[in-house]
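**Q** Dropping in my_file-v2.tsv, with TSV, C-alpha atoms.
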```
chain	number	residue	atom	x	y	z
S	50	MET	CA	114.93	91.38	101.04
S	51	ALA	CA	113.92	91.26	104.67
S	52	MET	CA	115.23	88.30	106.57
S	53	THR	CA	114.80	87.33	110.16
S	54	ALA	CA	118.21	86.23	111.38
S	55	CYS	CA	121.73	87.51	111.52
S	56	ALA	CA	124.67	85.64	110.09
S	57	THR	CA	126.36	85.22	113.47
S	58	VAL	CA	123.83	82.82	114.96
S	59	THR	CA	122.79	79.25	114.23
S	60	ARG	CA	119.95	79.31	111.73
S	61	ARG	CA	116.79	77.27	111.90
S	62	ALA	CA	115.69	77.30	108.30
S	63	VAL	CA	111.97	77.47	107.73
S	64	LEU	CA	110.77	77.11	104.17
S	65	LYS	CA	108.05	79.36	102.90
S	66	THR	CA	106.74	78.95	99.39
S	67	ILE	CA	106.22	82.00	97.27
S	68	SER	CA	104.97	82.33	93.73
S	69	ALA	CA	107.06	84.27	91.24
S	70	GLY	CA	105.09	84.71	88.05
S	71	ALA	CA	104.25	81.20	86.87
S	72	ALA	CA	107.10	79.63	88.84
S	73	THR	CA	107.19	78.53	92.45
S	74	VAL	CA	110.41	78.86	94.40
S	75	ALA	CA	111.62	77.87	97.86
S	76	PHE	CA	112.18	80.88	100.08
S	77	PRO	CA	114.44	80.61	103.16
S	78	TRP	CA	113.30	82.15	106.44
S	79	HIS	CA	115.15	81.99	109.72
S	80	ALA	CA	114.38	82.16	113.40
S	81	LEU	CA	115.01	85.33	115.36
S	82	ALA	CA	117.98	85.44	117.71
S	83	LYS	CA	118.19	87.34	120.96
S	84	ALA	CA	117.31	91.02	120.62
S	85	GLU	CA	120.86	92.29	120.85
S	86	ARG	CA	121.89	90.01	117.99
S	87	LEU	CA	119.03	90.78	115.62
S	88	ASP	CA	119.45	92.04	112.12
S	89	PRO	CA	118.96	95.79	112.75
S	90	ARG	CA	116.24	95.85	110.08
S	91	ALA	CA	114.06	93.78	112.43
S	92	TYR	CA	113.49	96.99	114.38
S	93	ALA	CA	112.62	99.29	111.47
S	94	HIS	CA	113.26	99.19	107.74
S	95	GLY	CA	112.78	101.61	104.87
S	96	LEU	CA	112.48	105.39	105.23
S	97	ASP	CA	111.21	107.79	102.57
S	98	ILE	CA	110.49	111.50	102.87
S	99	VAL	CA	108.04	112.81	100.28
S	100	THR	CA	106.41	116.20	99.74
S	101	LEU	CA	102.63	116.00	99.94
S	102	ASN	CA	100.60	119.21	99.68
S	103	ASP	CA	103.85	121.17	99.97
S	104	LYS	CA	104.64	119.56	103.33
S	105	PRO	CA	107.27	116.91	104.11
S	106	LEU	CA	105.93	113.53	105.15
S	107	MET	CA	108.00	110.63	106.47
S	108	ILE	CA	107.01	107.08	105.52
S	109	TRP	CA	108.64	104.07	107.17
S	110	SER	CA	108.15	100.49	108.36
S	111	SER	CA	108.64	99.58	112.01
S	112	TRP	CA	107.95	96.80	114.50
S	113	GLY	CA	105.95	99.19	116.65
S	114	TYR	CA	107.10	102.73	117.40
S	115	PRO	CA	109.42	102.92	119.19
S	116	PRO	CA	110.43	99.55	117.69
S	117	GLN	CA	109.97	96.56	119.97
S	118	PRO	CA	110.95	93.35	118.17
S	119	THR	CA	110.23	90.11	120.00
S	120	GLY	CA	111.27	86.51	119.67
S	121	ALA	CA	108.44	85.76	117.25
S	122	PRO	CA	109.42	83.56	114.30
S	123	ASN	CA	108.72	86.31	111.73
S	124	TRP	CA	108.94	90.07	111.65
S	125	GLU	CA	105.83	92.16	112.44
S	126	HIS	CA	106.39	95.59	110.86
S	127	ASP	CA	103.56	97.98	110.05
S	128	VAL	CA	103.78	101.07	107.82
S	129	TYR	CA	103.85	104.45	109.59
S	130	CYS	CA	103.75	108.08	108.54
S	131	ALA	CA	104.49	111.35	110.33
S	132	SER	CA	104.51	114.98	109.24
S	133	LEU	CA	107.94	116.55	109.49
S	134	GLU	CA	108.09	119.98	111.10
S	135	ALA	CA	111.57	121.14	110.20
S	136	ALA	CA	111.81	123.80	112.90
S	137	ARG	CA	111.09	121.28	115.64
S	138	PRO	CA	111.23	117.71	114.33
S	139	VAL	CA	109.11	115.58	116.64
S	140	VAL	CA	107.80	112.22	115.45
S	141	ARG	CA	104.05	111.79	115.92
S	142	PRO	CA	103.50	108.43	114.23
S	143	ARG	CA	100.32	107.33	112.53
S	144	VAL	CA	99.75	103.80	111.23
S	145	LEU	CA	98.81	103.68	107.55
S	146	VAL	CA	99.07	99.92	107.00
S	147	ARG	CA	98.49	97.32	109.70
S	148	ALA	CA	98.40	93.67	108.70
S	149	PRO	CA	99.70	90.30	109.93
S	150	GLU	CA	103.45	89.70	109.72
S	151	ALA	CA	105.68	92.34	108.12
S	152	GLN	CA	105.00	95.05	105.54
S	153	GLU	CA	108.50	96.36	104.82
S	154	PRO	CA	110.54	98.14	103.61
S	155	ALA	CA	108.14	100.97	102.85
S	156	SER	CA	108.77	103.02	99.70
S	157	ALA	CA	106.64	106.00	98.69
S	158	ALA	CA	105.96	108.23	95.69
S	159	VAL	CA	103.65	111.20	95.01
S	160	ASN	CA	102.17	111.82	91.55
S	161	ASP	CA	101.08	115.07	89.89
S	162	ARG	CA	97.60	114.72	91.41
S	163	GLN	CA	99.10	114.71	94.91
S	164	GLN	CA	98.21	111.08	95.41
S	165	LEU	CA	100.49	109.01	97.62
S	166	LEU	CA	101.42	105.45	96.69
S	167	ILE	CA	103.21	103.28	99.24
S	168	THR	CA	104.59	99.88	98.32
S	169	CYS	CA	106.13	97.22	100.51
S	170	GLU	CA	107.02	93.58	100.62
S	171	ASP	CA	104.16	91.85	102.46
S	172	GLY	CA	104.69	88.65	104.44
S	173	SER	CA	101.10	88.13	105.57
S	174	ASP	CA	100.39	85.15	103.28
S	175	GLY	CA	103.67	84.24	101.66
S	176	ILE	CA	105.85	86.96	100.17
S	177	HIS	CA	104.30	89.40	97.68
S	178	GLN	CA	104.90	93.02	96.63
S	179	ARG	CA	101.83	95.08	97.48
S	180	ALA	CA	100.77	98.73	97.62
S	181	GLY	CA	98.14	101.18	98.79
S	182	LEU	CA	96.99	104.53	97.41
S	183	TRP	CA	96.04	107.58	99.51
S	184	ASN	CA	94.64	111.04	98.76
S	185	ALA	CA	96.50	114.21	99.70
S	186	ASP	CA	94.70	114.32	103.06
S	187	LEU	CA	95.84	110.72	103.74
S	188	SER	CA	92.36	109.32	103.34
S	189	PRO	CA	92.52	105.97	101.52
S	190	ARG	CA	91.82	106.21	97.80
S	191	VAL	CA	92.37	102.52	97.18
S	192	ALA	CA	92.66	100.45	100.30
S	193	TYR	CA	95.79	98.41	100.94
S	194	PRO	CA	96.59	95.82	99.61
S	195	LEU	CA	96.89	96.36	95.87
S	196	ALA	CA	98.53	93.43	94.12
S	197	VAL	CA	101.77	94.54	92.47
S	198	GLY	CA	103.91	91.43	92.10
S	199	ARG	CA	103.13	87.88	93.15
S	200	GLY	CA	106.28	86.52	94.69
S	201	GLY	CA	107.78	90.02	94.62
S	202	HIS	CA	109.90	91.62	97.30
S	203	SER	CA	112.31	94.51	98.00
S	204	GLY	CA	110.23	96.94	95.93
S	205	HIS	CA	110.62	100.69	95.38
S	206	ALA	CA	108.28	103.31	93.91
S	207	ALA	CA	108.41	106.39	91.69
S	208	ALA	CA	105.89	108.56	89.85
S	209	ILE	CA	105.86	109.85	86.26
S	210	GLY	CA	103.10	112.43	85.82
S	211	ASP	CA	99.87	110.85	87.04
S	212	THR	CA	101.16	107.28	86.93
S	213	PHE	CA	103.23	105.20	89.31
S	214	LEU	CA	106.02	102.70	88.82
S	215	VAL	CA	106.97	99.96	91.25
S	216	ALA	CA	110.18	98.00	90.71
S	217	PHE	CA	110.70	94.77	92.62
S	218	ALA	CA	112.79	91.63	92.74
S	219	GLU	CA	111.24	88.18	92.47
S	220	GLY	CA	112.36	84.75	93.50
S	221	TRP	CA	115.22	84.03	95.86
S	222	SER	CA	118.52	82.24	95.45
S	223	ARG	CA	121.41	81.39	97.72
S	224	GLN	CA	123.65	80.65	94.75
S	225	HIS	CA	125.92	83.61	95.56
S	226	ALA	CA	125.01	83.94	99.22
S	227	ALA	CA	128.62	84.43	100.32
S	228	GLN	CA	128.71	87.74	98.46
S	229	SER	CA	125.30	88.97	99.61
S	230	PHE	CA	124.23	91.05	102.60
S	231	ARG	CA	124.54	89.00	105.80
S	232	GLY	CA	125.06	85.92	103.64
S	233	LEU	CA	121.32	85.55	103.06
S	234	GLY	CA	121.20	85.35	99.25
S	235	ALA	CA	119.54	87.56	96.66
S	236	GLY	CA	116.60	87.86	94.32
S	237	GLU	CA	116.57	86.24	90.91
S	238	GLY	CA	114.91	88.66	88.48
S	239	ILE	CA	113.90	92.35	88.38
S	240	TRP	CA	110.42	93.45	87.28
S	241	LEU	CA	108.46	96.69	86.87
S	242	ARG	CA	104.73	97.24	87.32
S	243	TRP	CA	102.83	100.34	86.18
S	244	LEU	CA	99.85	101.57	88.22
S	245	ASP	CA	97.47	104.35	87.22
S	246	SER	CA	96.00	107.16	89.33
S	247	GLN	CA	93.09	104.89	90.29
S	248	GLY	CA	95.48	102.27	91.63
S	249	ALA	CA	94.75	99.85	88.80
S	250	PRO	CA	97.75	97.62	88.06
S	251	GLY	CA	98.97	98.01	84.49
S	252	ARG	CA	101.74	96.46	82.44
S	253	LEU	CA	104.21	94.09	84.06
S	254	VAL	CA	107.65	94.39	82.45
S	255	LYS	CA	110.65	92.14	82.93
S	256	VAL	CA	113.86	94.15	83.35
S	257	SER	CA	116.44	91.46	84.05
S	258	GLY	CA	115.97	87.71	84.34
S	259	HIS	CA	117.70	84.92	86.20
S	260	ALA	CA	120.00	83.72	83.44
S	261	ASP	CA	123.55	82.46	83.12
S	262	GLY	CA	123.86	81.99	86.86
S	263	GLU	CA	123.23	85.67	87.63
S	264	ASN	CA	121.13	86.93	90.53
S	265	ASN	CA	119.47	90.36	90.57
S	266	ASP	CA	118.30	92.22	93.64
S	267	TRP	CA	117.27	95.47	95.35
S	268	PRO	CA	116.02	97.77	92.55
S	269	MET	CA	115.89	101.53	93.12
S	270	LEU	CA	113.92	104.04	91.01
S	271	ALA	CA	113.99	107.76	90.23
S	272	ALA	CA	111.71	109.54	87.78
S	273	SER	CA	111.51	112.72	85.73
S	274	GLN	CA	108.39	113.98	83.96
S	275	GLN	CA	109.15	111.84	80.92
S	276	ASN	CA	110.91	108.66	82.04
S	277	ALA	CA	112.64	106.89	84.91
S	278	LEU	CA	115.94	105.24	85.69
S	279	ILE	CA	116.16	101.93	87.52
S	280	VAL	CA	119.34	100.63	89.16
S	281	TRP	CA	119.94	97.29	90.86
S	282	GLN	CA	122.76	94.96	91.92
S	283	GLN	CA	123.77	91.83	90.10
S	284	PHE	CA	125.70	88.84	91.41
S	285	PRO	CA	128.28	87.29	91.23
S	286	THR	CA	130.10	90.35	89.83
S	287	ARG	CA	128.48	92.67	92.42
S	288	ALA	CA	127.83	95.02	89.51
S	289	LEU	CA	125.53	98.02	89.63
S	290	LYS	CA	123.22	97.81	86.63
S	291	ALA	CA	120.97	100.52	85.19
S	292	ALA	CA	118.24	100.85	82.57
S	293	LEU	CA	116.12	103.72	81.28
S	294	VAL	CA	112.37	103.21	81.64
S	295	SER	CA	109.84	104.99	79.42
S	296	PRO	CA	106.06	104.57	79.03
S	297	THR	CA	106.80	102.37	76.01
S	298	GLY	CA	109.18	99.97	77.71
S	299	VAL	CA	112.64	99.38	79.18
S	300	ALA	CA	115.86	100.12	77.32
S	301	LYS	CA	118.76	97.69	77.26
S	302	PRO	CA	120.42	97.50	80.71
S	303	PHE	CA	123.99	98.69	81.05
S	304	GLU	CA	126.65	98.32	83.72
S	305	LEU	CA	127.79	101.30	85.78
S	306	VAL	CA	130.41	99.87	88.12
S	307	ARG	CA	131.51	96.61	89.75
S	308	GLU	CA	132.60	95.50	93.21
S	309	LEU	CA	129.77	97.13	95.12
S	310	ALA	CA	130.10	97.13	98.87
S	311	THR	CA	127.89	94.57	100.59
S	312	GLY	CA	124.62	95.89	101.98
S	313	TYR	CA	122.43	97.77	99.46
S	314	ALA	CA	124.69	100.82	99.45
S	315	TYR	CA	123.53	102.71	96.36
S	316	ASP	CA	120.72	104.97	95.20
S	317	VAL	CA	119.48	107.06	92.29
S	318	CYS	CA	117.72	110.43	92.22
S	319	TYR	CA	116.62	112.92	89.55
S	320	LEU	CA	117.98	116.49	89.65
S	321	PRO	CA	115.50	118.69	87.74
S	322	SER	CA	117.75	121.75	87.47
S	323	GLN	CA	120.26	119.77	85.38
S	324	ARG	CA	117.83	117.28	83.82
S	325	LEU	CA	120.09	114.48	85.01
S	326	TYR	CA	119.82	111.26	86.97
S	327	VAL	CA	122.43	111.03	89.70
S	328	VAL	CA	123.59	107.61	90.91
S	329	VAL	CA	125.74	107.20	94.00
S	330	ALA	CA	127.19	103.95	95.34
S	331	ALA	CA	129.69	102.43	97.72
S	332	GLN	CA	132.35	100.16	96.26
S	333	SER	CA	134.71	97.93	98.16
S	334	ARG	CA	137.37	100.65	97.90
S	335	GLY	CA	135.31	103.87	98.16
S	336	GLY	CA	132.54	105.89	96.59
S	337	PHE	CA	131.14	106.19	93.07
S	338	CYS	CA	128.94	108.76	91.34
S	339	ALA	CA	127.49	108.79	87.82
S	340	LEU	CA	125.41	111.29	85.86
S	341	ILE	CA	122.97	109.93	83.28
S	342	ASP	CA	120.90	112.09	80.94
S	343	LEU	CA	117.28	111.67	79.92
S	344	GLN	CA	118.33	109.68	76.86
S	345	GLY	CA	120.06	107.13	79.06
S	346	ARG	CA	123.60	108.24	78.22
S	347	LEU	CA	126.34	108.14	80.83
S	348	VAL	CA	127.72	111.69	80.70
S	349	TYR	CA	130.07	111.61	83.68
S	350	SER	CA	131.37	109.29	86.40
S	351	THR	CA	133.83	109.61	89.24
S	352	GLN	CA	135.22	107.62	92.14
S	353	SER	CA	136.31	110.76	94.01
S	354	VAL	CA	133.26	110.92	96.28
S	355	PRO	CA	132.54	109.38	99.70
S	356	PRO	CA	130.66	106.06	99.74
S	357	ILE	CA	126.94	106.17	100.50
S	358	THR	CA	125.84	104.28	103.59
S	359	SER	CA	123.75	101.12	103.43
S	360	GLU	CA	120.08	101.93	102.68
S	361	GLY	CA	120.79	105.64	102.43
S	362	ARG	CA	118.85	107.86	100.03
S	363	ALA	CA	120.30	110.35	97.57
S	364	VAL	CA	118.27	113.55	97.92
S	365	PRO	CA	118.27	116.22	95.18
S	366	SER	CA	117.87	119.86	96.11
S	367	ARG	CA	114.60	121.47	95.08
S	368	PHE	CA	116.36	124.82	95.07
S	369	GLY	CA	119.25	124.28	92.63
S	370	SER	CA	122.04	121.96	91.58
S	371	HIS	CA	123.05	120.25	94.80
S	372	MET	CA	122.29	116.80	96.11
S	373	LEU	CA	123.13	115.19	99.43
S	374	TYR	CA	123.40	111.69	100.80
S	375	PRO	CA	124.45	109.98	104.06
S	376	VAL	CA	127.97	108.59	103.86
S	377	SER	CA	129.45	105.45	105.36
S	378	PRO	CA	129.95	104.96	108.24
S	379	SER	CA	128.76	108.34	109.48
S	380	GLY	CA	128.04	111.86	108.29
S	381	ALA	CA	126.79	113.28	105.02
S	382	ALA	CA	128.08	114.71	101.76
S	383	VAL	CA	126.80	117.52	99.54
S	384	LEU	CA	127.67	117.36	95.84
S	385	ALA	CA	127.58	120.31	93.44
S	386	ILE	CA	126.42	119.02	90.05
S	387	ASP	CA	126.45	120.44	86.56
S	388	ARG	CA	126.07	118.82	83.16
S	389	ALA	CA	129.66	117.58	83.14
S	390	SER	CA	130.75	117.03	86.74
S	391	ALA	CA	129.82	116.10	90.29
S	392	LYS	CA	132.10	117.60	92.92
S	393	VAL	CA	132.11	117.28	96.69
S	394	GLU	CA	131.25	120.71	98.03
S	395	ARG	CA	131.02	119.82	101.70
S	396	THR	CA	131.16	116.81	104.01
S	397	PHE	CA	129.71	116.61	107.52
S	398	SER	CA	130.70	114.45	110.47
S	399	PHE	CA	128.19	113.18	113.03
S	400	SER	CA	128.86	111.49	116.34
S	401	LYS	CA	126.89	108.33	115.53
S	402	SER	CA	127.21	105.71	112.82
S	403	TRP	CA	124.27	104.93	110.55
S	404	GLU	CA	122.34	101.69	110.96
S	405	PRO	CA	121.49	99.70	107.78
S	406	MET	CA	117.78	100.46	108.25
S	407	GLY	CA	117.03	103.63	106.30
S	408	THR	CA	118.37	107.20	106.16
S	409	SER	CA	116.95	110.07	104.10
S	410	ALA	CA	116.75	113.88	104.16
S	411	ILE	CA	114.73	116.96	103.26
S	412	TRP	CA	116.07	120.24	101.87
S	413	LEU	CA	114.84	123.26	103.85
S	414	THR	CA	116.65	126.09	102.02
S	415	PRO	CA	119.32	126.17	99.29
S	416	ARG	CA	121.98	125.77	102.01
S	417	LYS	CA	120.20	123.89	104.78
S	418	ALA	CA	118.84	120.36	105.11
S	419	LEU	CA	117.66	117.89	107.73
S	420	VAL	CA	118.84	114.28	107.72
S	421	ALA	CA	116.49	111.69	109.26
S	422	SER	CA	117.50	108.15	110.16
S	423	LEU	CA	115.89	105.01	111.53
S	424	THR	CA	117.48	103.55	114.66
S	425	LYS	CA	116.67	100.76	117.09
S	426	ALA	CA	114.95	103.31	119.34
S	427	GLU	CA	113.41	106.09	117.24
S	428	ILE	CA	113.89	108.33	114.22
S	429	THR	CA	116.77	110.71	114.83
S	430	PHE	CA	117.60	113.98	113.07
S	431	GLU	CA	120.81	115.76	112.11
S	432	PRO	CA	120.70	119.35	110.71
S	433	ILE	CA	123.28	120.37	108.12
S	434	GLN	CA	124.08	123.84	106.84
S	435	PHE	CA	126.79	125.00	104.44
```
Translate this file's structure into structure tokens.
**A**
Amino acid sequence: MAMTACATVTRRAVLKTISAGAATVAFPWHALAKAERLDPRAYAHGLDIVTLNDKPLMIWSSWGYPPQPTGAPNWEHDVYCASLEAARPVVRPRVLVRAPEAQEPASAAVNDRQQLLITCEDGSDGIHQRAGLWNADLSPRVAYPLAVGRGGHSGHAAAIGDTFLVAFAEGWSRQHAAQSFRGLGAGEGIWLRWLDSQGAPGRLVKVSGHADGENNDWPMLAASQQNALIVWQQFPTRALKAALVSPTGVAKPFELVRELATGYAYDVCYLPSQRLYVVVAAQSRGGFCALIDLQGRLVYSTQSVPPITSEGRAVPSRFGSHMLYPVSPSGAAVLAIDRASAKVERTFSFSKSWEPMGTSAIWLTPRKALVASLTKAEITFEPIQF
């Protein structure tokens, strides 16, 4: 969830009211501090790289580009896109969504019709999860904003065939704030919304509710051609939860691991060559990786991998059985995956540390990739080859 203050400054709480389903909840917002003390996500937040018409396209949210946050009481991100030329990566940003207050973090998915759906948490009139739909040439198919979840936030998107899925959190609680990122609190429940190729919102499905004192936040999605896997964090145990999603509904959630590191440090991707979902996470004491099949069975897990960085994306190879992800605090890891194991094939060290804003990658060849990362100044790139 995007917040507008860091934990090291005195907070001036401002209450906004958001609607979550039929319920209304109090949502805490905070004043911005001086620029050097801002939550880094105030600069830019959420980076996805999708393939549209066989070309890589970056999607992200930013307070201008290069980012220029001010002392305004609320964030002012817009949603940007830029084609990614791997041979000479230069960012030529184009605004796709411009609206009052913040539209972040951006999350994108492309369906079988080469339609692009982008979803984000929208602060223009309260807090709601919204989306837009574009054609392959980036002309609007359904103008932003599409209503996805009233009171929703922190959403992520995936595509199954022609249809889209958006997972989001709803509500907000400070019940377990001490264990949350920057001490800000966490969402209450996790929901899923289906959208068709015309952008029409479909079924709304509850994945996990706010029961027994538990908070649920920051869902991530990956999809195959037949189903999807959703993962999210749950407090107070700091557990990573997962559930298989099919067109007919959501299977019973199960727990993958506990004691997650603070700061949204986990992700899920689908590796087509092995027909497996791959989950990577950072725990308090190191990394975690799990392989889950299309029936929702945990087939392998290990803690012998580096921890993923905060808001890093796990990126499957389109050429074979590798996947890569940015590791904490710096660098990247490549895993070799088969049906019964996930082994570290190579790690890479970079001179800079990742910011908790958004880091992703694109595979260029079976042994070469490009890692892209949001910073307080611009998107930066790191090539890797093994």
**Q** For Ala151 (chain S), please output as a VMD selection string all residues within 6 Å (counting only C-alpha atoms; exclusion window: fewer than 3 positions along the same chain).
**A** chain S and resid 124 to 126 171 to 172
**Q** Separation of CA of Ile386 (chain S) and CA of Ser359 (chain S), in Å?
**A** 22.5 Å
**Q** Within 12 Å of Pro285 (chain S), counting all atoms listed in the file, which residues qualify if same-chain residues fewer than 3 places away don't, as JSON, numbers by chain?
**A** {"S": [222, 223, 224, 225, 226, 227, 228, 229, 234, 235, 237, 259, 260, 261, 262, 263, 264, 265, 266, 282, 288, 289, 307, 308, 309, 311]}
**Q** Output C-alpha atoms of each residue in that selection to a file, as a JSON list (two decimals), keeping the file's coordinate frame.
**A**
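Everything below was put into result_32.json:
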```
[["chain", "number", "residue", "atom", "x", "y", "z"],
["S", 222, "SER", "CA", 118.52, 82.24, 95.45],
["S", 223, "ARG", "CA", 121.41, 81.39, 97.72],
["S", 224, "GLN", "CA", 123.65, 80.65, 94.75],
["S", 225, "HIS", "CA", 125.92, 83.61, 95.56],
["S", 226, "ALA", "CA", 125.01, 83.94, 99.22],
["S", 227, "ALA", "CA", 128.62, 84.43, 100.32],
["S", 228, "GLN", "CA", 128.71, 87.74, 98.46],
["S", 229, "SER", "CA", 125.30, 88.97, 99.61],
["S", 234, "GLY", "CA", 121.20, 85.35, 99.25],
["S", 235, "ALA", "CA", 119.54, 87.56, 96.66],
["S", 237, "GLU", "CA", 116.57, 86.24, 90.91],
["S", 259, "HIS", "CA", 117.70, 84.92, 86.20],
["S", 260, "ALA", "CA", 120.00, 83.72, 83.44],
["S", 261, "ASP", "CA", 123.55, 82.46, 83.12],
["S", 262, "GLY", "CA", 123.86, 81.99, 86.86],
["S", 263, "GLU", "CA", 123.23, 85.67, 87.63],
["S", 264, "ASN", "CA", 121.13, 86.93, 90.53],
["S", 265, "ASN", "CA", 119.47, 90.36, 90.57],
["S", 266, "ASP", "CA", 118.30, 92.22, 93.64],
["S", 282, "GLN", "CA", 122.76, 94.96, 91.92],
["S", 288, "ALA", "CA", 127.83, 95.02, 89.51],
["S", 289, "LEU", "CA", 125.53, 98.02, 89.63],
["S", 307, "ARG", "CA", 131.51, 96.61, 89.75],
["S", 308, "GLU", "CA", 132.60, 95.50, 93.21],
["S", 309, "LEU", "CA", 129.77, 97.13, 95.12],
["S", 311, "THR", "CA", 127.89, 94.57, 100.59]]
```
**Q** Please, what distance in Å, to one decimal, runs between CA of Phe284 (chain S) and CA of Ala206 (chain S)?
**A** 22.8 Å
**Q** Report the distance between CA of Leu340 (chain S) and CA of Pro268 (chain S) in Å, rounded to one decimal place.
**A**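 Taking CA of Leu340 (chain S) and CA of Pro268 (chain S), their separation equals 17.8 Å.
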**Q** Fewer than 3 positions away in the same chain doesn't count, so skip those; otherwise give me all residues within 9 Å of region 139-142 of chain S, counting all atoms listed in the file, as a PyMOL selection string.
**A** chain S and resi 114+129-135+427-428
**Q** I'd like to know which of S:Glu404, S:Asp245, S:Glu150, S:Asp342 is closest to Gly312 (chain S), using all atoms listed in the file.
**A**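 Ranked by minimum distance to Gly312 (chain S), first place goes to S:Glu404.
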**Q** Would you mind telling me which residue in S:Trp412, S:Leu270, S:Asp127, S:Ala216 lies nearest to Leu253 (chain S) when using all atoms listed in the file?
**A**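 For Leu253 (chain S), the nearest of the given residues is S:Ala216.
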**Q** Mind dumping a table of every region 232-330 of chain S residue within 10 Å of region 166-169 of chain S, with the nearest atom pair and its distance in Å to one decimal, using only C-alpha atoms, sorted by chain and rising number, as JSON lines?
**A**
```
{"residue": "S:Leu244", "atom": "CA", "partner": "S:Leu166", "partner_atom": "CA", "distance": 9.4}
{"residue": "S:Ser246", "atom": "CA", "partner": "S:Leu166", "partner_atom": "CA", "distance": 9.3}
{"residue": "S:Gly248", "atom": "CA", "partner": "S:Leu166", "partner_atom": "CA", "distance": 8.4}
```
**Q** I want to know what sits within 12 Å of Val294 (chain S), based on all atoms listed in the file, with residues of the same chain fewer than 5 positions away left out; could you give that as a PyMOL selection string?
**A** chain S and resi 207-209+214-216+240-243+254-256+270-280+299-302+343-345
**Q** Using all atoms listed in the file, which residue out of S:Ile433, S:Val191, S:Leu347, S:Ile239 lies closest to Ser257 (chain S)?
**A**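 For Ser257 (chain S), the nearest of the candidates is S:Ile239.
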**Q** Write out as JSON, numbers by chain which residues come within 8 Å of region 373-375 of chain S when counting only C-alpha atoms, dropping same-chain ones fewer than 2 positions away.
**A** {"S": [357, 358, 361, 362, 363, 364, 365, 366, 371, 377, 379, 380, 381, 382, 383, 384, 408, 409, 410, 420]}
**Q** Produce a file of the selected residues containing C-alpha atoms, as a PDB file, keeping the file's coordinate frame.
**A**
```pdb
ATOM      1  CA  ILE S 357     126.940 106.170 100.500  1.00  0.00           C
ATOM      2  CA  THR S 358     125.840 104.280 103.590  1.00  0.00           C
ATOM      3  CA  GLY S 361     120.790 105.640 102.430  1.00  0.00           C
ATOM      4  CA  ARG S 362     118.850 107.860 100.030  1.00  0.00           C
ATOM      5  CA  ALA S 363     120.300 110.350  97.570  1.00  0.00           C
ATOM      6  CA  VAL S 364     118.270 113.550  97.920  1.00  0.00           C
ATOM      7  CA  PRO S 365     118.270 116.220  95.180  1.00  0.00           C
ATOM      8  CA  SER S 366     117.870 119.860  96.110  1.00  0.00           C
ATOM      9  CA  HIS S 371     123.050 120.250  94.800  1.00  0.00           C
ATOM     10  CA  SER S 377     129.450 105.450 105.360  1.00  0.00           C
ATOM     11  CA  SER S 379     128.760 108.340 109.480  1.00  0.00           C
ATOM     12  CA  GLY S 380     128.040 111.860 108.290  1.00  0.00           C
ATOM     13  CA  ALA S 381     126.790 113.280 105.020  1.00  0.00           C
ATOM     14  CA  ALA S 382     128.080 114.710 101.760  1.00  0.00           C
ATOM     15  CA  VAL S 383     126.800 117.520  99.540  1.00  0.00           C
ATOM     16  CA  LEU S 384     127.670 117.360  95.840  1.00  0.00           C
ATOM     17  CA  THR S 408     118.370 107.200 106.160  1.00  0.00           C
ATOM     18  CA  SER S 409     116.950 110.070 104.100  1.00  0.00           C
ATOM     19  CA  ALA S 410     116.750 113.880 104.160  1.00  0.00           C
ATOM     20  CA  VAL S 420     118.840 114.280 107.720  1.00  0.00           C
TER      21      VAL S 420
END
```
**Q** Which of these residues is nearest to Ser422 (chain S), using all atoms listed in the file: S:Gln434, S:Ser390, S:Ser402, S:Ser333?
**A**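 Smallest distance to Ser422 (chain S) is found for S:Ser402.
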**Q** Can you work out which one of S:Ala180, S:Ala331, S:Ala91, S:Ala185 has the shortest atom-to-atom distance to Val376 (chain S), counting all atoms listed in the file?
**A**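 Of S:Ala180, S:Ala331, S:Ala91, S:Ala185, the one nearest Val376 (chain S) is S:Ala331, counting all atoms listed in the file.
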